[in-house]
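See structure below.
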Amino acid sequence: MAAESMLLHSSYSSTKPRCYLSSPQSCWTSRTTNLRFERKVVFGKQVKWESLGLTSRREVSKKERGGVVRCTAEGIERRMLIPGEATVRVPERFKVVALMACVMCLCNADRVVMSVAVVPLADKLGWSSSFLGIVQSSFLWGYIFSSVIGGALVDKYGGKRVMAWGVALWSLATLLTPWAANHSTFALLAIRAFFGLAEGVALPSMSTILSRWFPGHERASAVGFSMAGFHLGNVVGLILTPIMLSTIGIAAPFILFSSLGLLWLSSWVYKVTSDPRESPFITKSELTSIQAGKTDPPTTTVEFPPIGLLLSKLPTWAIIFANVTNNWGYFVLLSWMPVYFKTVFNVNLKQAAWFSAFPWGTMAVSGYIAGAISDSLVKAGYSKTCVRKIMQSIGFTGPGVSLLCLNFAKSPEMAAVFITAALSLSSFSQAGFLLNMQDIAPQYAGFLHGIANSAGTLAAIISTIGTGYFVQWLGSFQAFLSLTACLYFITTIFWNLFATGERVF
């Protein structure tokens with residue numbers, strides 16, 4: 001059968017170059033109205049095209065259900081779809097950040113399980129409020145040591161490997177927690193400390209991997225999305241844990257979340273690399289866009305980071321103090337909110353979990369919004385120093401004011417509103433000090449994150465235990481909430497005086 005011609009009509013074309021499509025078989029017809037061209041293909045060997053000012057040759061590689069059309073003209077390569085071929089390719093960096101958000105969700109859910117399960121355990125074993133604070137803080141005993149070591153390992157070996165080992169070990173610790181609780185208090189404290197030791201590598205790994213995989217103008221959004229998963233872990237843990245505790249038993253939530261961690265590992269190990277340049281799946285165009293969006297891409301170092309040099313600069317201390325304050329307030333709310341609602345407003349465990357979960361859900365959303373705002377300000381030409389200071393100021397003054405107002409809440413609904421405001425606004429810190437580590441020290445960002453996180457963990461231990469003693473001593477949460485608010489305000493002033501978004505090391 002003779003081939004029929006197919007004309008591409010254009011009012012912009014003043015010449016009539018030709019483009020040829022060869023195919024052993026053809027079976028489709030399509031029409032695109034906005035370009036005003038019509039294309040008809042019948043059985044034949046060759047189809048002649050009239051094109052838009054380009055002379056080109058199109059070759060078809062037929063597959064079982066479709067083919068690819070390549071058109072090259074004067075150095076331009078085009079791709080055209082034949083039915084049967086996928087129409088959308090998801091960028092690899094989006095897959096990386098999706099997996100990161102999932103593991104950060106599990107990371108926090110595994111922590112929260114114990115915050116809920118500790119309530120029936122305390123009733124069963126007769127723990128006092130002060131000892132309850134010790135049990136709650138046991139996770140942090142290991143966490144404080146692994147942050148610095150984990151950060152240094154991330155800088156040397158890459159985030160993929162360190163994160164994988166961390167997930168495997170903390171999933172094992174989560175699985176063993178119910179056995180340890182039934183065995184002895186010492187065993188429970190030891191397992192929780194081991195759990196914290198494994199989880200200490202999560203944030204340094206996340207920070208370093210995302211800085212490698214995303215250009216500078218997308219990094220805040222990537223961190224915001226990953227941390228949204230982190231905060232949703234609170235929601236998942238606070239909602240599912242009391243239901244499973246009451247219907248299945250104390251071991252059920254621990255088994256569920258540890259199993260999900262091992263399932264996540266199967267995708268992470270085979271699909272992710274520490275650096276996009278090592279990925280066998282990334283396209284050349286995506287890699288080029290990632291590299292083009294970086295002013296100072298970090299490099300892997302084999303030397304031990306210069307601790308003295310890092311600690312000699314005030315921008316480092318601005319990050320450390322910000323992390324201290326952030327963790328202080330964060331762990332007070334994370335560890336004590338179910339207990340707060342139960343003791344202050346006399347709500348049952350399931351109701352307390354719901355009241356505690358809602359604020360974390362809004363924090364996940366506001367954290368992503370904060371990242372998007374930060375990226376848009378950077379794109380608009382604002383300096384990183386200005387953007388980091390704005391975001392961090394919102395992230396600390398907002399929670400400070402909200403916690404002061406919480407002292408006057410007269411109902412669980414009103415308390416939930418103030419806690420929601422505190423956590424939602426605190427998420428702006430993710431676009432402040434959390435990103436600032438990569439700004440001032442890209443080569444040692446993992447190690448610097450470890451130092452700051454260790455200092456923050458020490459503060460979290462003090463605040464978690466201190467809350468228990470304050471409540472037992474004074475009979476209320478008010479004094480400790482006011483102290484935490486003052487700490488937010490003082491750190492905001494220090495941050496605005498000494499923080500910078502420029503590279504220091």
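Identifiers in this document derive from the order of the structure tokens: chains are assigned A, B, ..., residues are numbered from 1 separately in each chain, and ligands are numbered from 1 in order of occurrence.
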
Quiz item: Leaving out region 118-128 of chain A and any residue of its chain fewer than 3 positions from it, which residues lie within 9 Å of it when counting only C-alpha atoms, given as a PyMOL selection string?
Solution: chain A and resi 113-115+131-133+135-136+181+338-339+349+468+472

Quick one: residues within 10 Å of Ile255 (chain A), only C-alpha atoms counted, chain neighbours fewer than 2 positions away excluded, as a PDB file with N, CA, C and O atoms, in the first residue's frame?
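out-v3.pdb written:
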ATOM      1  N   SER A 171      14.945  -0.610  64.326  1.00  0.00           N
ATOM      2  CA  SER A 171      13.797  -1.502  64.150  1.00  0.00           C
ATOM      3  C   SER A 171      13.933  -2.733  65.041  1.00  0.00           C
ATOM      4  O   SER A 171      12.953  -3.208  65.627  1.00  0.00           O
ATOM      5  N   LEU A 172      15.164  -3.244  65.158  1.00  0.00           N
ATOM      6  CA  LEU A 172      15.413  -4.371  66.050  1.00  0.00           C
ATOM      7  C   LEU A 172      15.135  -3.979  67.503  1.00  0.00           C
ATOM      8  O   LEU A 172      14.502  -4.735  68.260  1.00  0.00           O
ATOM      9  N   THR A 174      13.131  -1.626  68.569  1.00  0.00           N
ATOM     10  CA  THR A 174      11.680  -1.460  68.723  1.00  0.00           C
ATOM     11  C   THR A 174      11.005  -2.810  68.923  1.00  0.00           C
ATOM     12  O   THR A 174      10.113  -2.958  69.776  1.00  0.00           O
ATOM     13  N   LEU A 175      11.424  -3.789  68.153  1.00  0.00           N
ATOM     14  CA  LEU A 175      10.846  -5.130  68.265  1.00  0.00           C
ATOM     15  C   LEU A 175      11.100  -5.743  69.643  1.00  0.00           C
ATOM     16  O   LEU A 175      10.244  -6.451  70.187  1.00  0.00           O
ATOM     17  N   LEU A 176      12.264  -5.455  70.235  1.00  0.00           N
ATOM     18  CA  LEU A 176      12.633  -6.059  71.520  1.00  0.00           C
ATOM     19  C   LEU A 176      12.075  -5.302  72.732  1.00  0.00           C
ATOM     20  O   LEU A 176      12.157  -5.804  73.862  1.00  0.00           O
ATOM     21  N   THR A 177      11.497  -4.121  72.528  1.00  0.00           N
ATOM     22  CA  THR A 177      11.029  -3.310  73.648  1.00  0.00           C
ATOM     23  C   THR A 177       9.975  -4.006  74.519  1.00  0.00           C
ATOM     24  O   THR A 177      10.081  -3.970  75.756  1.00  0.00           O
ATOM     25  N   PRO A 178       8.925  -4.637  73.951  1.00  0.00           N
ATOM     26  CA  PRO A 178       7.943  -5.310  74.814  1.00  0.00           C
ATOM     27  C   PRO A 178       8.568  -6.415  75.666  1.00  0.00           C
ATOM     28  O   PRO A 178       8.207  -6.583  76.844  1.00  0.00           O
ATOM     29  N   ILE A 250       0.112  -4.968  74.216  1.00  0.00           N
ATOM     30  CA  ILE A 250       1.202  -4.002  74.269  1.00  0.00           C
ATOM     31  C   ILE A 250       2.270  -4.238  73.210  1.00  0.00           C
ATOM     32  O   ILE A 250       2.971  -3.325  72.792  1.00  0.00           O
ATOM     33  N   ALA A 251       2.413  -5.484  72.757  1.00  0.00           N
ATOM     34  CA  ALA A 251       3.466  -5.778  71.779  1.00  0.00           C
ATOM     35  C   ALA A 251       3.094  -5.359  70.356  1.00  0.00           C
ATOM     36  O   ALA A 251       3.969  -5.166  69.517  1.00  0.00           O
ATOM     37  N   ALA A 252       1.806  -5.208  70.076  1.00  0.00           N
ATOM     38  CA  ALA A 252       1.339  -5.017  68.697  1.00  0.00           C
ATOM     39  C   ALA A 252       1.952  -3.799  68.001  1.00  0.00           C
ATOM     40  O   ALA A 252       2.483  -3.939  66.890  1.00  0.00           O
ATOM     41  N   PRO A 253       1.897  -2.594  68.572  1.00  0.00           N
ATOM     42  CA  PRO A 253       2.459  -1.449  67.839  1.00  0.00           C
ATOM     43  C   PRO A 253       3.963  -1.548  67.628  1.00  0.00           C
ATOM     44  O   PRO A 253       4.487  -1.089  66.602  1.00  0.00           O
ATOM     45  N   PHE A 257       5.577  -1.379  63.725  1.00  0.00           N
ATOM     46  CA  PHE A 257       6.502  -0.353  63.247  1.00  0.00           C
ATOM     47  C   PHE A 257       7.897  -0.902  62.966  1.00  0.00           C
ATOM     48  O   PHE A 257       8.587  -0.431  62.055  1.00  0.00           O
ATOM     49  N   SER A 258       8.318  -1.898  63.704  1.00  0.00           N
ATOM     50  CA  SER A 258       9.619  -2.509  63.400  1.00  0.00           C
ATOM     51  C   SER A 258       9.564  -3.242  62.059  1.00  0.00           C
ATOM     52  O   SER A 258      10.520  -3.206  61.283  1.00  0.00           O
ATOM     53  N   SER A 259       8.438  -3.871  61.759  1.00  0.00           N
ATOM     54  CA  SER A 259       8.285  -4.570  60.472  1.00  0.00           C
ATOM     55  C   SER A 259       8.281  -3.584  59.309  1.00  0.00           C
ATOM     56  O   SER A 259       8.871  -3.848  58.251  1.00  0.00           O
ATOM     57  N   LEU A 260       7.632  -2.442  59.499  1.00  0.00           N
ATOM     58  CA  LEU A 260       7.617  -1.424  58.448  1.00  0.00           C
ATOM     59  C   LEU A 260       9.016  -0.883  58.183  1.00  0.00           C
ATOM     60  O   LEU A 260       9.363  -0.564  57.033  1.00  0.00           O
TER      61      LEU A 260
END

Would you list the contacts of Asn407 (chain A) as a PDB file with N, CA and C atoms, in the first residue's frame, taking every protein, DNA or RNA residue within 10 Å and counting only C-alpha atoms, but skipping same-chain residues closer than 4 positions in sequence?
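Listed below is the output, part.pdb:
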ATOM      1  N   SER A 402       2.880  31.112  72.464  1.00  0.00           N
ATOM      2  CA  SER A 402       1.831  30.083  72.571  1.00  0.00           C
ATOM      3  C   SER A 402       1.914  29.329  73.894  1.00  0.00           C
ATOM      4  N   LEU A 403       3.126  29.006  74.363  1.00  0.00           N
ATOM      5  CA  LEU A 403       3.268  28.280  75.625  1.00  0.00           C
ATOM      6  C   LEU A 403       2.869  29.145  76.817  1.00  0.00           C
ATOM      7  N   ALA A 415      -6.497  24.131  75.097  1.00  0.00           N
ATOM      8  CA  ALA A 415      -5.092  23.732  75.219  1.00  0.00           C
ATOM      9  C   ALA A 415      -4.567  23.190  73.899  1.00  0.00           C
ATOM     10  N   PHE A 418      -3.605  26.062  71.542  1.00  0.00           N
ATOM     11  CA  PHE A 418      -2.320  26.706  71.841  1.00  0.00           C
ATOM     12  C   PHE A 418      -1.141  25.788  71.519  1.00  0.00           C
ATOM     13  N   SER A 476       1.928  21.170  88.984  1.00  0.00           N
ATOM     14  CA  SER A 476       1.373  21.675  87.730  1.00  0.00           C
ATOM     15  C   SER A 476       2.482  21.822  86.690  1.00  0.00           C
ATOM     16  N   PHE A 477       2.055  22.048  85.441  1.00  0.00           N
ATOM     17  CA  PHE A 477       2.993  22.214  84.329  1.00  0.00           C
ATOM     18  C   PHE A 477       3.357  23.676  84.086  1.00  0.00           C
ATOM     19  N   GLN A 478       2.695  24.608  84.751  1.00  0.00           N
ATOM     20  CA  GLN A 478       2.803  26.021  84.401  1.00  0.00           C
ATOM     21  C   GLN A 478       4.223  26.573  84.496  1.00  0.00           C
ATOM     22  N   ALA A 479       4.915  26.273  85.570  1.00  0.00           N
ATOM     23  CA  ALA A 479       6.250  26.833  85.769  1.00  0.00           C
ATOM     24  C   ALA A 479       7.203  26.389  84.660  1.00  0.00           C
ATOM     25  N   PHE A 480       7.140  25.130  84.287  1.00  0.00           N
ATOM     26  CA  PHE A 480       8.058  24.625  83.269  1.00  0.00           C
ATOM     27  C   PHE A 480       7.713  25.171  81.894  1.00  0.00           C
ATOM     28  N   LEU A 481       6.446  25.357  81.607  1.00  0.00           N
ATOM     29  CA  LEU A 481       6.052  25.953  80.334  1.00  0.00           C
ATOM     30  C   LEU A 481       6.547  27.394  80.226  1.00  0.00           C
ATOM     31  N   SER A 482       6.474  28.148  81.327  1.00  0.00           N
ATOM     32  CA  SER A 482       6.957  29.537  81.330  1.00  0.00           C
ATOM     33  C   SER A 482       8.465  29.585  81.150  1.00  0.00           C
TER      34      SER A 482
END

Quiz prompt | Within 8 Å of Ala220 (chain A) using only C-alpha atoms, minus same-chain residues under 2 positions, as JSON, numbers by chain | solution = {"A": [216, 217, 218, 222, 223, 224, 371, 372, 374, 375, 430, 431, 435]}

Which residues come within 9 Å of Pro359 (chain A), counting only C-alpha atoms, excluding same-chain residues fewer than 3 positions away, as a PDB file with all heavy atoms, in the first residue's frame?
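What follows is the written file selection32.pdb:
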ATOM      1  N   VAL A 235       1.649  11.719  64.584  1.00  0.00           N
ATOM      2  CA  VAL A 235       0.215  11.501  64.405  1.00  0.00           C
ATOM      3  C   VAL A 235      -0.087  10.003  64.304  1.00  0.00           C
ATOM      4  O   VAL A 235      -0.987   9.488  64.971  1.00  0.00           O
ATOM      5  CB  VAL A 235      -0.286  12.237  63.141  1.00  0.00           C
ATOM      6  CG1 VAL A 235      -1.772  11.999  62.929  1.00  0.00           C
ATOM      7  CG2 VAL A 235       0.006  13.724  63.244  1.00  0.00           C
ATOM      8  N   PHE A 355      -6.005  14.446  71.158  1.00  0.00           N
ATOM      9  CA  PHE A 355      -5.669  15.845  71.414  1.00  0.00           C
ATOM     10  C   PHE A 355      -4.186  16.114  71.146  1.00  0.00           C
ATOM     11  O   PHE A 355      -3.807  17.185  70.679  1.00  0.00           O
ATOM     12  CB  PHE A 355      -6.007  16.225  72.857  1.00  0.00           C
ATOM     13  CG  PHE A 355      -7.458  16.557  73.068  1.00  0.00           C
ATOM     14  CD1 PHE A 355      -8.241  15.805  73.926  1.00  0.00           C
ATOM     15  CD2 PHE A 355      -8.040  17.630  72.401  1.00  0.00           C
ATOM     16  CE1 PHE A 355      -9.579  16.118  74.121  1.00  0.00           C
ATOM     17  CE2 PHE A 355      -9.376  17.955  72.594  1.00  0.00           C
ATOM     18  CZ  PHE A 355     -10.158  17.187  73.462  1.00  0.00           C
ATOM     19  N   SER A 356      -3.340  15.136  71.450  1.00  0.00           N
ATOM     20  CA  SER A 356      -1.905  15.301  71.252  1.00  0.00           C
ATOM     21  C   SER A 356      -1.518  15.152  69.789  1.00  0.00           C
ATOM     22  O   SER A 356      -0.545  15.749  69.329  1.00  0.00           O
ATOM     23  CB  SER A 356      -1.130  14.273  72.089  1.00  0.00           C
ATOM     24  OG  SER A 356      -1.448  14.394  73.454  1.00  0.00           O
ATOM     25  N   THR A 362      -0.736  19.345  62.016  1.00  0.00           N
ATOM     26  CA  THR A 362      -0.623  20.704  61.477  1.00  0.00           C
ATOM     27  C   THR A 362       0.835  21.127  61.357  1.00  0.00           C
ATOM     28  O   THR A 362       1.192  21.901  60.469  1.00  0.00           O
ATOM     29  CB  THR A 362      -1.372  21.700  62.368  1.00  0.00           C
ATOM     30  OG1 THR A 362      -0.822  21.672  63.687  1.00  0.00           O
ATOM     31  CG2 THR A 362      -2.854  21.364  62.447  1.00  0.00           C
ATOM     32  N   MET A 363       1.684  20.614  62.245  1.00  0.00           N
ATOM     33  CA  MET A 363       3.106  20.926  62.170  1.00  0.00           C
ATOM     34  C   MET A 363       3.710  20.380  60.884  1.00  0.00           C
ATOM     35  O   MET A 363       4.583  21.006  60.273  1.00  0.00           O
ATOM     36  CB  MET A 363       3.831  20.348  63.382  1.00  0.00           C
ATOM     37  CG  MET A 363       5.281  20.788  63.497  1.00  0.00           C
ATOM     38  SD  MET A 363       6.091  20.083  64.958  1.00  0.00           S
ATOM     39  CE  MET A 363       7.666  20.930  64.909  1.00  0.00           C
ATOM     40  N   ALA A 364       3.256  19.210  60.445  1.00  0.00           N
ATOM     41  CA  ALA A 364       3.757  18.624  59.204  1.00  0.00           C
ATOM     42  C   ALA A 364       3.438  19.528  58.016  1.00  0.00           C
ATOM     43  O   ALA A 364       4.284  19.762  57.141  1.00  0.00           O
ATOM     44  CB  ALA A 364       3.142  17.239  59.001  1.00  0.00           C
ATOM     45  N   ALA A 416      -5.400  22.409  73.205  1.00  0.00           N
ATOM     46  CA  ALA A 416      -4.987  21.855  71.910  1.00  0.00           C
ATOM     47  C   ALA A 416      -4.729  22.969  70.894  1.00  0.00           C
ATOM     48  O   ALA A 416      -3.823  22.869  70.061  1.00  0.00           O
ATOM     49  CB  ALA A 416      -6.050  20.896  71.390  1.00  0.00           C
ATOM     50  N   VAL A 417      -5.511  24.052  70.961  1.00  0.00           N
ATOM     51  CA  VAL A 417      -5.317  25.190  70.049  1.00  0.00           C
ATOM     52  C   VAL A 417      -3.953  25.826  70.278  1.00  0.00           C
ATOM     53  O   VAL A 417      -3.198  26.086  69.329  1.00  0.00           O
ATOM     54  CB  VAL A 417      -6.440  26.233  70.238  1.00  0.00           C
ATOM     55  CG1 VAL A 417      -6.087  27.525  69.487  1.00  0.00           C
ATOM     56  CG2 VAL A 417      -7.763  25.679  69.734  1.00  0.00           C
ATOM     57  N   PHE A 418      -3.605  26.062  71.542  1.00  0.00           N
ATOM     58  CA  PHE A 418      -2.320  26.706  71.841  1.00  0.00           C
ATOM     59  C   PHE A 418      -1.141  25.788  71.519  1.00  0.00           C
ATOM     60  O   PHE A 418      -0.098  26.248  71.028  1.00  0.00           O
ATOM     61  CB  PHE A 418      -2.284  27.139  73.306  1.00  0.00           C
ATOM     62  CG  PHE A 418      -3.182  28.291  73.632  1.00  0.00           C
ATOM     63  CD1 PHE A 418      -4.059  28.229  74.701  1.00  0.00           C
ATOM     64  CD2 PHE A 418      -3.169  29.436  72.851  1.00  0.00           C
ATOM     65  CE1 PHE A 418      -4.901  29.301  74.999  1.00  0.00           C
ATOM     66  CE2 PHE A 418      -4.003  30.516  73.139  1.00  0.00           C
ATOM     67  CZ  PHE A 418      -4.874  30.444  74.213  1.00  0.00           C
ATOM     68  N   ILE A 419      -1.291  24.510  71.801  1.00  0.00           N
ATOM     69  CA  ILE A 419      -0.214  23.567  71.469  1.00  0.00           C
ATOM     70  C   ILE A 419      -0.056  23.462  69.955  1.00  0.00           C
ATOM     71  O   ILE A 419       1.068  23.383  69.430  1.00  0.00           O
ATOM     72  CB  ILE A 419      -0.501  22.183  72.089  1.00  0.00           C
ATOM     73  CG1 ILE A 419      -0.431  22.278  73.608  1.00  0.00           C
ATOM     74  CG2 ILE A 419       0.507  21.150  71.585  1.00  0.00           C
ATOM     75  CD1 ILE A 419      -0.883  21.014  74.318  1.00  0.00           C
ATOM     76  N   THR A 420      -1.179  23.486  69.242  1.00  0.00           N
ATOM     77  CA  THR A 420      -1.128  23.461  67.780  1.00  0.00           C
ATOM     78  C   THR A 420      -0.389  24.677  67.238  1.00  0.00           C
ATOM     79  O   THR A 420       0.453  24.571  66.339  1.00  0.00           O
ATOM     80  CB  THR A 420      -2.551  23.412  67.198  1.00  0.00           C
ATOM     81  OG1 THR A 420      -3.204  22.224  67.638  1.00  0.00           O
ATOM     82  CG2 THR A 420      -2.516  23.435  65.675  1.00  0.00           C
ATOM     83  N   ALA A 421      -0.696  25.857  67.805  1.00  0.00           N
ATOM     84  CA  ALA A 421       0.000  27.080  67.374  1.00  0.00           C
ATOM     85  C   ALA A 421       1.488  26.991  67.666  1.00  0.00           C
ATOM     86  O   ALA A 421       2.329  27.372  66.836  1.00  0.00           O
ATOM     87  CB  ALA A 421      -0.616  28.293  68.077  1.00  0.00           C
ATOM     88  N   ALA A 422       1.831  26.472  68.857  1.00  0.00           N
ATOM     89  CA  ALA A 422       3.245  26.368  69.240  1.00  0.00           C
ATOM     90  C   ALA A 422       4.011  25.465  68.281  1.00  0.00           C
ATOM     91  O   ALA A 422       5.087  25.817  67.788  1.00  0.00           O
ATOM     92  CB  ALA A 422       3.356  25.840  70.667  1.00  0.00           C
ATOM     93  N   LEU A 423       3.466  24.295  67.987  1.00  0.00           N
ATOM     94  CA  LEU A 423       4.167  23.337  67.133  1.00  0.00           C
ATOM     95  C   LEU A 423       4.174  23.778  65.672  1.00  0.00           C
ATOM     96  O   LEU A 423       5.173  23.597  64.967  1.00  0.00           O
ATOM     97  CB  LEU A 423       3.528  21.957  67.272  1.00  0.00           C
ATOM     98  CG  LEU A 423       3.753  21.266  68.617  1.00  0.00           C
ATOM     99  CD1 LEU A 423       2.944  19.982  68.706  1.00  0.00           C
ATOM    100  CD2 LEU A 423       5.233  20.963  68.817  1.00  0.00           C
ATOM    101  N   SER A 424       3.069  24.351  65.207  1.00  0.00           N
ATOM    102  CA  SER A 424       3.013  24.806  63.814  1.00  0.00           C
ATOM    103  C   SER A 424       4.050  25.879  63.550  1.00  0.00           C
ATOM    104  O   SER A 424       4.763  25.849  62.538  1.00  0.00           O
ATOM    105  CB  SER A 424       1.611  25.338  63.490  1.00  0.00           C
ATOM    106  OG  SER A 424       0.646  24.314  63.607  1.00  0.00           O
TER     107      SER A 424
END

Practice problem: Just list the residues in region 119-347 of chain A DSSP gives helix (DSSP H, G or I) on the backbone, as a PyMOL selection string. | Solution: chain A and resi 119-125+129-157+159-183+185-199+202-213+216-247+252-271+276-278+284-292+307-311+314-345
